[in-house]
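Just upload_35.txt here, compact mmCIF, C-alpha atoms:
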```txt
# COMPACT_ATOMS: atom_id res chain seq x y z
CA MET A 1 123.45 -98.91 -117.41
CA SER A 2 124.36 -101.43 -114.80
CA THR A 3 122.51 -104.61 -113.95
CA ASN A 4 121.58 -103.28 -110.50
CA GLY A 5 119.89 -100.28 -112.00
CA LEU A 6 117.68 -102.43 -114.22
CA LYS A 7 116.58 -104.56 -111.27
CA THR A 8 115.64 -101.52 -109.26
CA LYS A 9 113.57 -100.12 -112.12
CA HIS A 10 111.69 -103.42 -112.62
CA SER A 11 111.00 -103.69 -108.85
CA ARG A 12 109.45 -100.24 -108.75
CA GLU A 13 107.25 -100.99 -111.75
CA GLY A 14 106.10 -104.31 -110.21
CA SER A 15 105.19 -102.62 -106.93
CA ALA A 16 103.18 -99.98 -108.74
CA LEU A 17 101.27 -102.65 -110.63
CA TRP A 18 100.40 -104.50 -107.40
CA ILE A 19 99.23 -101.29 -105.75
CA LEU A 20 97.07 -100.44 -108.79
CA LEU A 21 95.61 -103.94 -108.82
CA LEU A 22 94.79 -103.76 -105.10
CA LEU A 23 93.10 -100.36 -105.55
CA ILE A 24 90.98 -101.76 -108.38
CA LEU A 25 89.91 -104.68 -106.19
CA VAL A 26 88.92 -102.35 -103.32
CA ILE A 27 86.83 -100.13 -105.63
CA ALA A 28 85.15 -103.18 -107.16
CA GLY A 29 84.38 -104.60 -103.71
CA ALA A 30 82.87 -101.34 -102.52
CA PHE A 31 80.68 -101.12 -105.60
CA THR A 32 79.51 -104.72 -105.13
CA TRP A 33 78.67 -104.11 -101.44
CA THR A 34 76.66 -100.99 -102.27
CA SER A 35 74.71 -102.89 -104.93
CA MET A 36 73.95 -105.76 -102.55
CA LYS A 37 72.76 -103.37 -99.82
CA GLY A 38 70.38 -101.63 -102.18
CA SER A 39 69.09 -104.94 -103.42
CA ASN A 40 68.52 -106.20 -99.89
CA ALA A 41 66.63 -103.05 -98.94
CA GLU A 42 64.30 -103.51 -101.88
CA SER A 43 63.69 -107.16 -101.06
CA GLY A 44 62.93 -106.54 -97.38
CA MET A 45 66.26 -107.94 -96.03
CA THR A 46 67.79 -106.09 -93.06
CA GLN A 47 71.20 -106.07 -91.42
CA ASP A 48 71.64 -106.17 -87.70
CA THR A 49 74.24 -104.17 -85.76
CA GLN A 50 76.83 -106.93 -86.11
CA GLY A 51 76.71 -106.88 -89.92
CA GLU A 52 74.84 -110.18 -90.34
CA LEU A 53 71.79 -110.49 -92.53
CA GLY A 54 68.48 -110.64 -90.55
CA VAL A 55 65.26 -112.49 -91.17
CA GLU A 56 62.93 -111.01 -93.72
CA GLN A 57 60.24 -108.85 -92.05
CA SER A 58 56.73 -109.06 -93.45
CA PRO A 59 54.86 -105.78 -93.86
CA PRO A 60 52.07 -105.20 -91.27
CA VAL A 61 48.61 -106.35 -92.24
CA ASP A 62 45.20 -105.49 -90.82
CA LEU A 63 43.84 -108.06 -88.37
CA ALA A 64 40.74 -109.90 -89.44
CA PRO A 65 37.61 -108.84 -87.50
CA LEU A 66 36.48 -111.05 -84.61
CA GLN A 67 33.78 -113.52 -85.44
CA ASP A 68 30.37 -112.87 -83.92
CA ASP A 69 30.40 -114.85 -80.66
CA GLY A 70 26.88 -113.96 -79.62
CA LEU A 71 28.03 -111.57 -76.87
CA THR A 72 26.72 -108.06 -76.54
CA PRO A 73 29.24 -105.21 -76.93
CA SER A 74 29.07 -104.52 -73.19
CA SER A 75 30.26 -108.03 -72.37
CA ARG A 76 33.64 -107.50 -74.05
CA VAL A 77 36.51 -105.78 -72.27
CA GLU A 78 37.71 -102.55 -73.83
CA VAL A 79 41.02 -100.90 -72.99
CA GLY A 80 41.54 -97.17 -73.12
CA PRO A 81 39.59 -94.06 -72.17
CA LEU A 82 35.90 -94.05 -72.94
CA PRO A 83 33.98 -90.81 -73.53
CA TYR A 84 31.65 -91.29 -70.53
CA ARG A 85 30.67 -87.64 -70.49
CA LYS A 86 28.99 -88.08 -73.85
CA MET A 87 27.04 -91.15 -72.73
CA ARG A 88 23.48 -91.12 -71.42
CA ARG A 89 22.03 -94.17 -69.70
CA THR A 90 18.46 -95.08 -70.60
CA PHE A 91 16.16 -97.88 -69.46
CA ASP A 92 14.13 -98.63 -72.55
CA GLY A 93 13.64 -102.24 -73.53
CA MET A 94 13.69 -105.71 -72.02
CA GLY A 95 16.47 -107.86 -70.63
CA GLN A 96 17.21 -110.98 -68.65
CA ILE A 97 18.98 -112.10 -65.47
CA SER A 98 20.60 -115.51 -65.20
CA GLY A 99 22.78 -117.11 -62.60
CA GLU A 100 23.63 -120.00 -60.33
CA LEU A 101 22.95 -120.71 -56.66
CA LEU A 102 25.65 -122.39 -54.56
CA PRO A 103 24.95 -124.10 -51.23
CA SER A 104 26.34 -122.94 -47.92
CA ASP A 105 29.77 -124.29 -46.99
CA SER A 106 28.28 -125.90 -43.89
CA ARG A 107 24.95 -127.17 -45.27
CA SER A 108 23.56 -129.04 -48.22
CA MET A 109 21.08 -127.54 -50.64
CA PRO A 110 17.61 -127.05 -49.13
CA GLU A 111 14.59 -128.90 -50.47
CA LYS A 112 13.37 -125.67 -52.09
CA TRP A 113 14.49 -122.10 -52.42
CA THR A 114 13.15 -118.79 -53.74
CA LEU A 115 14.78 -116.38 -56.14
CA VAL A 116 13.87 -112.75 -55.40
CA ILE A 117 14.27 -110.00 -57.98
CA GLU A 118 13.15 -106.61 -56.69
CA PRO A 119 13.75 -102.92 -57.41
CA SER A 120 17.07 -101.52 -56.22
CA GLU A 121 16.84 -99.42 -53.08
CA PHE A 122 19.13 -96.65 -54.33
CA ALA A 123 20.41 -97.08 -57.91
CA MET A 124 19.28 -94.99 -60.85
CA GLY A 125 16.64 -96.82 -62.89
CA ARG A 126 14.87 -98.48 -59.97
CA GLU A 127 11.63 -96.68 -60.92
CA THR A 128 11.05 -99.01 -63.88
CA ALA A 129 11.95 -102.21 -62.03
CA ILE A 130 9.39 -104.88 -61.17
CA ARG A 131 9.36 -107.52 -58.42
CA ARG A 132 9.42 -111.25 -59.06
CA GLU A 133 9.61 -114.21 -56.70
CA ILE A 134 10.22 -117.62 -58.27
CA GLU A 135 10.36 -120.86 -56.30
CA PHE A 136 12.74 -123.63 -57.37
CA PRO A 137 13.29 -127.21 -56.18
CA GLY A 138 16.55 -127.77 -54.35
CA GLN A 139 18.11 -129.79 -57.14
CA GLN A 140 17.78 -126.90 -59.60
CA THR A 141 20.64 -124.49 -59.01
CA THR A 142 20.65 -122.48 -62.24
CA PHE A 143 18.09 -119.94 -63.38
CA GLU A 144 17.28 -117.57 -66.21
CA VAL A 145 14.57 -114.94 -65.94
CA ARG A 146 13.60 -113.21 -69.19
CA ASP A 147 11.33 -110.33 -70.17
CA LEU A 148 12.47 -108.03 -67.38
CA PRO A 149 12.12 -104.29 -68.00
CA MET A 150 15.52 -102.63 -68.18
CA ALA A 151 16.07 -101.20 -64.71
CA SER A 152 18.21 -101.50 -61.57
CA TYR A 153 17.49 -104.56 -59.41
CA ARG A 154 18.45 -106.34 -56.19
CA VAL A 155 18.85 -110.09 -56.69
CA TYR A 156 19.11 -112.65 -53.89
CA ALA A 157 18.01 -116.15 -52.90
CA ARG A 158 16.33 -117.25 -49.71
CA ALA A 159 15.39 -120.55 -48.13
CA GLU A 160 14.40 -121.72 -44.66
CA ASP A 161 16.81 -119.97 -42.19
CA GLN A 162 19.21 -119.28 -45.08
CA ALA A 163 19.72 -116.48 -47.60
CA SER A 164 22.34 -115.08 -49.96
CA VAL A 165 23.83 -111.62 -50.03
CA ALA A 166 21.72 -109.30 -52.20
CA LEU A 167 23.50 -108.18 -55.38
CA GLU A 168 22.80 -104.92 -57.21
CA ILE A 169 22.64 -105.17 -61.02
CA SER A 170 21.45 -102.90 -63.84
CA LEU A 171 20.05 -103.55 -67.30
CA PHE A 172 20.36 -100.47 -69.50
CA LYS A 173 21.23 -98.84 -72.80
CA ILE A 174 23.82 -96.13 -73.40
CA GLU A 175 23.38 -93.54 -76.08
CA GLY A 176 26.75 -92.44 -77.41
CA PRO A 177 30.07 -93.97 -78.46
CA GLY A 178 31.36 -97.08 -76.76
CA HIS A 179 29.00 -99.55 -75.13
CA ARG A 180 25.56 -99.70 -76.61
CA VAL A 181 23.46 -102.08 -74.54
CA LYS A 182 23.65 -104.22 -71.40
CA ASP A 183 20.51 -106.31 -71.56
CA ARG A 184 21.87 -109.38 -69.74
CA SER A 185 23.39 -109.97 -66.33
CA HIS A 186 24.76 -113.17 -64.81
CA VAL A 187 25.06 -113.49 -61.03
CA MET A 188 26.53 -116.05 -58.65
CA LEU A 189 24.67 -116.45 -55.33
CA ARG A 190 25.67 -118.45 -52.26
CA LEU A 191 23.34 -119.39 -49.41
CA GLN A 192 24.43 -118.61 -45.87
CA PRO A 193 22.79 -119.43 -42.53
CA LEU A 194 20.84 -116.42 -41.29
CA SER A 195 21.69 -114.65 -38.05
CA SER A 196 19.78 -112.74 -35.37
CA LEU A 197 20.30 -109.72 -33.13
CA GLN A 198 18.76 -109.16 -29.71
CA VAL A 199 18.44 -105.50 -28.68
CA SER A 200 17.95 -104.44 -25.07
CA LEU A 201 17.19 -100.79 -24.21
CA GLN A 202 16.79 -99.12 -20.85
CA ASN A 203 16.14 -95.63 -19.58
CA GLU A 204 18.55 -93.56 -17.55
CA ASP A 205 17.03 -94.96 -14.32
CA SER A 206 17.57 -98.55 -15.61
CA SER A 207 13.85 -99.10 -16.26
CA PRO A 208 13.01 -100.82 -19.59
CA ALA A 209 12.48 -98.49 -22.55
CA LEU A 210 9.22 -99.86 -23.93
CA ASP A 211 7.57 -99.06 -27.26
CA LEU A 212 10.73 -97.37 -28.59
CA PRO A 213 11.29 -97.37 -32.38
CA LEU A 214 14.35 -99.25 -33.63
CA ILE A 215 15.95 -99.10 -37.07
CA LEU A 216 18.55 -101.58 -38.30
CA GLU A 217 20.40 -100.69 -41.51
CA SER A 218 22.81 -102.72 -43.65
CA LYS A 219 26.02 -100.85 -44.47
CA ILE A 220 26.37 -102.90 -47.67
CA THR A 221 22.93 -102.72 -49.29
CA GLY A 222 21.23 -99.95 -47.31
CA LYS A 223 18.30 -102.25 -46.50
CA ARG A 224 16.42 -101.36 -43.31
CA TRP A 225 14.54 -103.39 -40.70
CA THR A 226 12.18 -101.53 -38.32
CA ALA A 227 10.66 -102.62 -35.03
CA LYS A 228 9.71 -101.44 -31.51
CA THR A 229 10.81 -102.64 -28.11
CA ASP A 230 8.36 -104.62 -26.00
CA ALA A 231 7.34 -104.05 -22.38
CA ALA A 232 10.72 -105.42 -21.24
CA GLY A 233 12.63 -103.07 -23.56
CA LEU A 234 13.64 -105.97 -25.80
CA HIS A 235 13.39 -106.91 -29.45
CA THR A 236 15.05 -109.66 -31.50
CA PHE A 237 15.68 -109.14 -35.20
CA GLU A 238 15.51 -112.48 -37.01
CA GLU A 239 16.78 -113.70 -40.37
CA LEU A 240 19.60 -111.19 -40.72
CA PRO A 241 22.43 -111.52 -43.24
CA ALA A 242 26.01 -111.57 -42.05
CA GLY A 243 27.90 -108.29 -42.21
CA THR A 244 28.00 -104.91 -40.55
CA LEU A 245 24.64 -103.46 -39.47
CA THR A 246 23.98 -100.03 -37.96
CA ILE A 247 21.38 -99.63 -35.22
CA LEU A 248 19.47 -96.37 -34.80
CA VAL A 249 17.30 -95.73 -31.75
CA GLY A 250 14.27 -93.48 -32.07
CA HIS A 251 14.34 -91.49 -35.31
CA ALA A 252 16.71 -92.27 -38.18
CA ASP A 253 17.76 -88.64 -38.73
CA GLN A 254 17.91 -87.68 -35.03
CA PRO A 255 18.61 -90.84 -33.02
CA LEU A 256 18.42 -90.68 -29.22
CA VAL A 257 21.83 -92.35 -28.89
CA PRO A 258 24.72 -92.21 -31.37
CA ALA A 259 24.44 -94.73 -34.18
CA GLN A 260 26.21 -97.99 -33.38
CA ASP A 261 27.78 -100.49 -35.83
CA ILE A 262 27.26 -104.16 -34.96
CA GLN A 263 29.13 -107.03 -36.58
CA ILE A 264 26.79 -109.92 -37.45
CA GLU A 265 28.42 -113.33 -37.89
CA VAL A 266 27.00 -116.13 -40.03
CA GLY A 267 24.41 -118.22 -38.21
CA LYS A 268 25.00 -116.65 -34.77
CA LEU A 269 23.02 -114.58 -32.26
CA ALA A 270 24.45 -111.11 -31.58
CA THR A 271 23.37 -108.91 -28.68
CA TRP A 272 23.42 -105.15 -28.10
CA THR A 273 22.40 -103.17 -25.02
CA GLY A 274 21.80 -99.42 -25.02
CA THR A 275 20.98 -96.82 -22.37
CA LEU A 276 18.99 -93.69 -23.21
CA PRO A 277 19.95 -90.23 -22.01
CA LYS A 278 17.51 -88.42 -19.74
CA THR A 279 14.23 -87.93 -21.62
CA HIS A 280 10.74 -86.71 -20.75
CA GLU A 281 7.14 -87.63 -21.43
CA VAL A 282 4.16 -85.35 -21.98
CA THR A 283 0.50 -85.98 -22.82
CA LEU A 284 -1.20 -83.43 -25.10
CA ARG A 285 -4.91 -82.80 -25.51
CA VAL A 286 -5.91 -81.19 -28.82
CA ILE A 287 -8.98 -78.92 -28.40
CA ASP A 288 -10.83 -76.23 -30.33
CA ARG A 289 -11.43 -72.64 -29.13
CA GLU A 290 -14.43 -73.78 -27.09
CA GLY A 291 -12.29 -76.39 -25.33
CA MET A 292 -13.87 -79.37 -27.09
CA PRO A 293 -11.51 -82.29 -27.85
CA LEU A 294 -10.64 -83.00 -31.49
CA PRO A 295 -10.30 -86.78 -32.03
CA ASP A 296 -7.82 -87.99 -34.67
CA ALA A 297 -6.06 -84.63 -34.79
CA ILE A 298 -2.62 -84.79 -36.42
CA VAL A 299 0.32 -83.38 -34.44
CA ARG A 300 3.69 -82.74 -36.09
CA GLY A 301 6.68 -80.82 -34.88
CA HIS A 302 10.44 -80.49 -34.69
CA GLY A 303 13.01 -79.88 -32.01
CA ALA A 304 15.60 -82.16 -30.40
CA VAL A 305 13.69 -85.02 -32.06
CA PRO A 306 10.89 -84.94 -34.66
CA ILE A 307 7.28 -85.33 -33.53
CA ASP A 308 4.62 -87.06 -35.62
CA GLY A 309 1.50 -88.55 -34.09
CA VAL A 310 -2.30 -88.78 -34.14
CA ALA A 311 -4.56 -88.07 -31.16
CA ASP A 312 -6.93 -90.79 -29.94
CA PHE A 313 -10.74 -90.57 -29.75
CA THR A 314 -10.44 -88.26 -26.70
CA GLY A 315 -8.09 -85.89 -28.51
CA GLU A 316 -5.12 -87.03 -26.40
CA LEU A 317 -1.62 -87.96 -27.58
CA THR A 318 1.27 -89.09 -25.35
CA LEU A 319 4.78 -88.16 -26.53
CA ARG A 320 7.61 -90.21 -25.04
CA TYR A 321 11.37 -89.99 -25.09
CA LEU A 322 11.62 -86.22 -25.58
CA PRO A 323 15.03 -84.73 -24.79
CA ALA A 324 14.91 -81.33 -23.09
CA GLY A 325 14.50 -78.43 -25.49
CA THR A 326 12.04 -76.28 -27.41
CA TYR A 327 9.60 -77.88 -29.85
CA ARG A 328 7.42 -76.12 -32.42
CA LEU A 329 4.17 -77.97 -33.03
CA ARG A 330 1.54 -77.84 -35.77
CA MET A 331 -1.91 -79.33 -35.21
CA GLU A 332 -4.46 -80.20 -37.89
CA HIS A 333 -8.01 -81.54 -37.54
CA LYS A 334 -9.19 -82.49 -41.01
CA PRO A 335 -12.92 -83.12 -40.20
CA SER A 336 -13.36 -79.56 -38.88
CA GLU A 337 -10.62 -78.08 -41.09
CA ARG A 338 -9.08 -76.42 -38.05
CA HIS A 339 -5.37 -75.69 -37.61
CA GLY A 340 -3.17 -74.52 -34.81
CA ARG A 341 0.43 -73.78 -33.87
CA THR A 342 2.21 -73.66 -30.54
CA THR A 343 5.64 -73.81 -28.88
CA LEU A 344 6.31 -76.51 -26.33
CA VAL A 345 9.21 -76.27 -23.85
CA ILE A 346 10.34 -79.63 -22.42
CA PRO A 347 10.35 -80.33 -19.55
CA LEU A 348 7.10 -78.56 -18.69
CA SER A 349 7.29 -76.16 -15.80
CA GLU A 350 5.67 -77.13 -12.54
CA GLY A 351 1.97 -76.50 -12.21
CA GLN A 352 1.10 -77.07 -15.86
CA PRO A 353 -2.17 -78.94 -16.48
CA HIS A 354 -2.19 -82.61 -17.35
CA PRO A 355 -2.92 -83.37 -20.11
CA TYR A 356 -1.38 -80.23 -21.57
CA PRO A 357 -3.86 -78.39 -23.87
CA VAL A 358 -2.95 -77.36 -27.42
CA TYR A 359 -5.46 -75.47 -29.56
CA CYS A 360 -6.77 -75.61 -33.10
CA ARG A 361 -8.49 -72.20 -33.22
CA GLN A 362 -8.32 -71.35 -36.92
```
Go through the file and emit its structure as structure tokens.
Amino acid sequence: MSTNGLKTKHSREGSALWILLLLILVIAGAFTWTSMKGSNAESGMTQDTQGELGVEQSPPVDLAPLQDDGLTPSSRVEVGPLPYRKMRRTFDGMGQISGELLPSDSRSMPEKWTLVIEPSEFAMGRETAIRREIEFPGQQTTFEVRDLPMASYRVYARAEDQASVALEISLFKIEGPGHRVKDRSHVMLRLQPLSSLQVSLQNEDSSPALDLPLILESKITGKRWTAKTDAAGLHTFEELPAGTLTILVGHADQPLVPAQDIQIEVGKLATWTGTLPKTHEVTLRVIDREGMPLPDAIVRGHGAVPIDGVADFTGELTLRYLPAGTYRLRMEHKPSERHGRTTLVIPLSEGQPHPYPVYCRQ
């Protein structure tokens, strides 16, 4: 055997040994990596996408309950759907209203002011509400009124030629899941200078519309002010809050002119002038079957406008501002227990007696 042959044989054996050693190292490394990964998983260690070890993540724990802060459940904010359909609002118990009064931006606090708490004009629960008026010195701007029946209220402050906007609040209980009780309410009130509105009404012939009912309604609170025009067809509404008010002429449900919205500015005088459509006037005389007058007879009816009046001591009643049309009247004289019905067509045809007789025969 030559020397070259021996060298070749030894080289092949050395290469095989190195390959075997490398294979052993790879297998050992893989085994070690697998063991470390399992160990890390058990100990809470994680590996990010780049192969580096992450920070140990603590298992989730239940949060400790909130400490009692003295607030009612209804005063905390809850997120998520609430089963309102299963809730029933009740007004059983007592509550309180607190708040603060701020002065007008243009005036200082008055020497005294009055807090008014009264039943809501429209909200559910107003039936159990009571009315309270409490006077405070000007330097006292905070208030707390206790022992109020749970109900729906309007709350506002007033002073000389100033007032705040009335706020609607409710004190109530709810039977069912979710909120349980709302027995406290806190309000912030700000005084504002009061405004006024002068109304001028005239007939179609430009004569003043005297003794005509007027209704002014707030679009925010629904509060109404009522009055009648004077002999000059005028009336001035005083001490009005700022905002949008609707004026109704005649009857609220069947006004003689379309309802008009009027913008009232703080501390200013607004004016509004209206002209009536052509209307008519008729004087009735309520009599029995013998033609004797029936004093204090009640006359009601419906047509283009509603009719509701009481005859004077002579049995006469003058109806003004009647649009043309057919009216159905009912008469009642309680002392004699007599009743009557008739149809009245306005305007009356020529030649009809004046006053126009209507009978209570039954």
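Reported to one decimal place, the separation of atom CA of Leu194 of chain A from atom CA of Asp105 of chain A is 13.2 Å.
The space separating atom CA of Ser106 of chain A from atom CA of Ile264 of chain A comes to 17.3 Å.
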Can I get the residues of segment 234-290 of chain A within 6 Å of segment 320-334 of chain A, each with the closest pair of atoms and their distance in Å to one decimal, using all atoms listed in the file, sorted chain first then ascending number, as a Markdown table?
```
| residue | atom | partner | partner_atom | distance |
| --- | --- | --- | --- | --- |
| A:Thr279 | CA | A:Pro323 | CA | 4.6 |
| A:His280 | CA | A:Leu322 | CA | 4.9 |
| A:Glu281 | CA | A:Arg320 | CA | 4.5 |
```
Inset, instruction - Find the residues around segment 179-190 of chain A up to 7 Å (only C-alpha atoms counted), leave out those fewer than 5 positions away in its own chain, and share them as a PyMOL selection string. - result: chain A and resi 73-74+94-104+156+164+171-174
For the selection you just gave me, I'd like the residues written to a file as a compact mmCIF listing (two decimals), keeping the file's coordinate frame, keeping C-alpha atoms.
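Contents of the output file part.txt:
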```txt
# COMPACT_ATOMS: atom_id res chain seq x y z
CA PRO A 73 29.24 -105.21 -76.93
CA SER A 74 29.07 -104.52 -73.19
CA MET A 94 13.69 -105.71 -72.02
CA GLY A 95 16.47 -107.86 -70.63
CA GLN A 96 17.21 -110.98 -68.65
CA ILE A 97 18.98 -112.10 -65.47
CA SER A 98 20.60 -115.51 -65.20
CA GLY A 99 22.78 -117.11 -62.60
CA GLU A 100 23.63 -120.00 -60.33
CA LEU A 101 22.95 -120.71 -56.66
CA LEU A 102 25.65 -122.39 -54.56
CA PRO A 103 24.95 -124.10 -51.23
CA SER A 104 26.34 -122.94 -47.92
CA TYR A 156 19.11 -112.65 -53.89
CA SER A 164 22.34 -115.08 -49.96
CA LEU A 171 20.05 -103.55 -67.30
CA PHE A 172 20.36 -100.47 -69.50
CA LYS A 173 21.23 -98.84 -72.80
CA ILE A 174 23.82 -96.13 -73.40
```
Inset, instruction - Please provide as a PyMOL selection string all residues within 12 Å of segment 295-305 of chain A, with the sequence filter that same-chain residues fewer than 4 positions apart are discarded (counting only C-alpha atoms). - result: chain A and resi 249-257+279-280+283-288+309-346+358-360
Go ahead and dump the residues you just picked, C-alpha atoms, as a compact mmCIF listing (two decimals), in the coordinates of the input.
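Saved to out.txt:
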```
# COMPACT_ATOMS: atom_id res chain seq x y z
CA VAL A 249 17.30 -95.73 -31.75
CA GLY A 250 14.27 -93.48 -32.07
CA HIS A 251 14.34 -91.49 -35.31
CA ALA A 252 16.71 -92.27 -38.18
CA ASP A 253 17.76 -88.64 -38.73
CA GLN A 254 17.91 -87.68 -35.03
CA PRO A 255 18.61 -90.84 -33.02
CA LEU A 256 18.42 -90.68 -29.22
CA VAL A 257 21.83 -92.35 -28.89
CA THR A 279 14.23 -87.93 -21.62
CA HIS A 280 10.74 -86.71 -20.75
CA THR A 283 0.50 -85.98 -22.82
CA LEU A 284 -1.20 -83.43 -25.10
CA ARG A 285 -4.91 -82.80 -25.51
CA VAL A 286 -5.91 -81.19 -28.82
CA ILE A 287 -8.98 -78.92 -28.40
CA ASP A 288 -10.83 -76.23 -30.33
CA GLY A 309 1.50 -88.55 -34.09
CA VAL A 310 -2.30 -88.78 -34.14
CA ALA A 311 -4.56 -88.07 -31.16
CA ASP A 312 -6.93 -90.79 -29.94
CA PHE A 313 -10.74 -90.57 -29.75
CA THR A 314 -10.44 -88.26 -26.70
CA GLY A 315 -8.09 -85.89 -28.51
CA GLU A 316 -5.12 -87.03 -26.40
CA LEU A 317 -1.62 -87.96 -27.58
CA THR A 318 1.27 -89.09 -25.35
CA LEU A 319 4.78 -88.16 -26.53
CA ARG A 320 7.61 -90.21 -25.04
CA TYR A 321 11.37 -89.99 -25.09
CA LEU A 322 11.62 -86.22 -25.58
CA PRO A 323 15.03 -84.73 -24.79
CA ALA A 324 14.91 -81.33 -23.09
CA GLY A 325 14.50 -78.43 -25.49
CA THR A 326 12.04 -76.28 -27.41
CA TYR A 327 9.60 -77.88 -29.85
CA ARG A 328 7.42 -76.12 -32.42
CA LEU A 329 4.17 -77.97 -33.03
CA ARG A 330 1.54 -77.84 -35.77
CA MET A 331 -1.91 -79.33 -35.21
CA GLU A 332 -4.46 -80.20 -37.89
CA HIS A 333 -8.01 -81.54 -37.54
CA LYS A 334 -9.19 -82.49 -41.01
CA PRO A 335 -12.92 -83.12 -40.20
CA SER A 336 -13.36 -79.56 -38.88
CA GLU A 337 -10.62 -78.08 -41.09
CA ARG A 338 -9.08 -76.42 -38.05
CA HIS A 339 -5.37 -75.69 -37.61
CA GLY A 340 -3.17 -74.52 -34.81
CA ARG A 341 0.43 -73.78 -33.87
CA THR A 342 2.21 -73.66 -30.54
CA THR A 343 5.64 -73.81 -28.88
CA LEU A 344 6.31 -76.51 -26.33
CA VAL A 345 9.21 -76.27 -23.85
CA ILE A 346 10.34 -79.63 -22.42
CA VAL A 358 -2.95 -77.36 -27.42
CA TYR A 359 -5.46 -75.47 -29.56
CA CYS A 360 -6.77 -75.61 -33.10
```
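Computed from the coordinates, the atom CA of Leu214 of chain A to atom CA of Pro119 of chain A distance equals 24.1 Å.
In this comparison, which uses only C-alpha atoms, the residue of A:Ile24, A:Ser349, A:Thr128, A:Glu175 approaching Arg88 of chain A most closely is A:Glu175.
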Inset, instruction - Using all atoms listed in the file, determine which residues lie at most 7 Å from Phe136 of chain A, disregarding the query and same-chain residues fewer than 4 positions distant; provide the list as a list in words. - result: Lys112, Trp113, Thr114 and Gln140 of chain A
Legend entry - Distance query 9 Å from (17.6, -108.0, -32.8) using only C-alpha atoms, result as a PyMOL selection string: chain A and resi 196-200+216+234-238+240+269-272
So for segment 147-155 of chain A, what box centre and size do we get, axis-aligned, 8 Å extra on each of the six sides, every listed atom, Å to one decimal, as lines of an AutoDock Vina configuration file?
```
center_x = 15.1
center_y = -105.8
center_z = -63.2
size_x = 23.5
size_y = 25.1
size_z = 30.0
```
Inset, instruction - Excluding Thr244 of chain A and residues on its chain fewer than 6 positions from it, collect all residues at most 12 Å away from it, counting all atoms listed in the file, and give them as a ChimeraX atom specification. - result: /A:195,197,216-223,260-266,270
For the selection you just gave me, I'd like the residues written to a file as a PDB file, in the frame of the given file, keeping C-alpha atoms.
```pdb
ATOM      1  CA  SER A 195      21.690-114.650 -38.050  1.00  0.00           C
ATOM      2  CA  LEU A 197      20.300-109.720 -33.130  1.00  0.00           C
ATOM      3  CA  LEU A 216      18.550-101.580 -38.300  1.00  0.00           C
ATOM      4  CA  GLU A 217      20.400-100.690 -41.510  1.00  0.00           C
ATOM      5  CA  SER A 218      22.810-102.720 -43.650  1.00  0.00           C
ATOM      6  CA  LYS A 219      26.020-100.850 -44.470  1.00  0.00           C
ATOM      7  CA  ILE A 220      26.370-102.900 -47.670  1.00  0.00           C
ATOM      8  CA  THR A 221      22.930-102.720 -49.290  1.00  0.00           C
ATOM      9  CA  GLY A 222      21.230 -99.950 -47.310  1.00  0.00           C
ATOM     10  CA  LYS A 223      18.300-102.250 -46.500  1.00  0.00           C
ATOM     11  CA  GLN A 260      26.210 -97.990 -33.380  1.00  0.00           C
ATOM     12  CA  ASP A 261      27.780-100.490 -35.830  1.00  0.00           C
ATOM     13  CA  ILE A 262      27.260-104.160 -34.960  1.00  0.00           C
ATOM     14  CA  GLN A 263      29.130-107.030 -36.580  1.00  0.00           C
ATOM     15  CA  ILE A 264      26.790-109.920 -37.450  1.00  0.00           C
ATOM     16  CA  GLU A 265      28.420-113.330 -37.890  1.00  0.00           C
ATOM     17  CA  VAL A 266      27.000-116.130 -40.030  1.00  0.00           C
ATOM     18  CA  ALA A 270      24.450-111.110 -31.580  1.00  0.00           C
TER      19      ALA A 270
END
```
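Nearest-residue note for Val145 of chain A: choosing from A:Ser120, A:Pro277, A:Ala259, A:Leu115, the minimum distance belongs to A:Leu115, counting only C-alpha atoms.
With only C-alpha atoms as the atoms that count, the minimum distance from Thr246 of chain A to the choices A:Arg132, A:Leu348, A:Ala232, A:Ile215 is reached by A:Ile215.
Closest approach to Thr226 of chain A from the set A:Ala209, A:Ile130, A:Ala151, A:Leu248 is made by A:Leu248, with distances taken over all atoms listed in the file.
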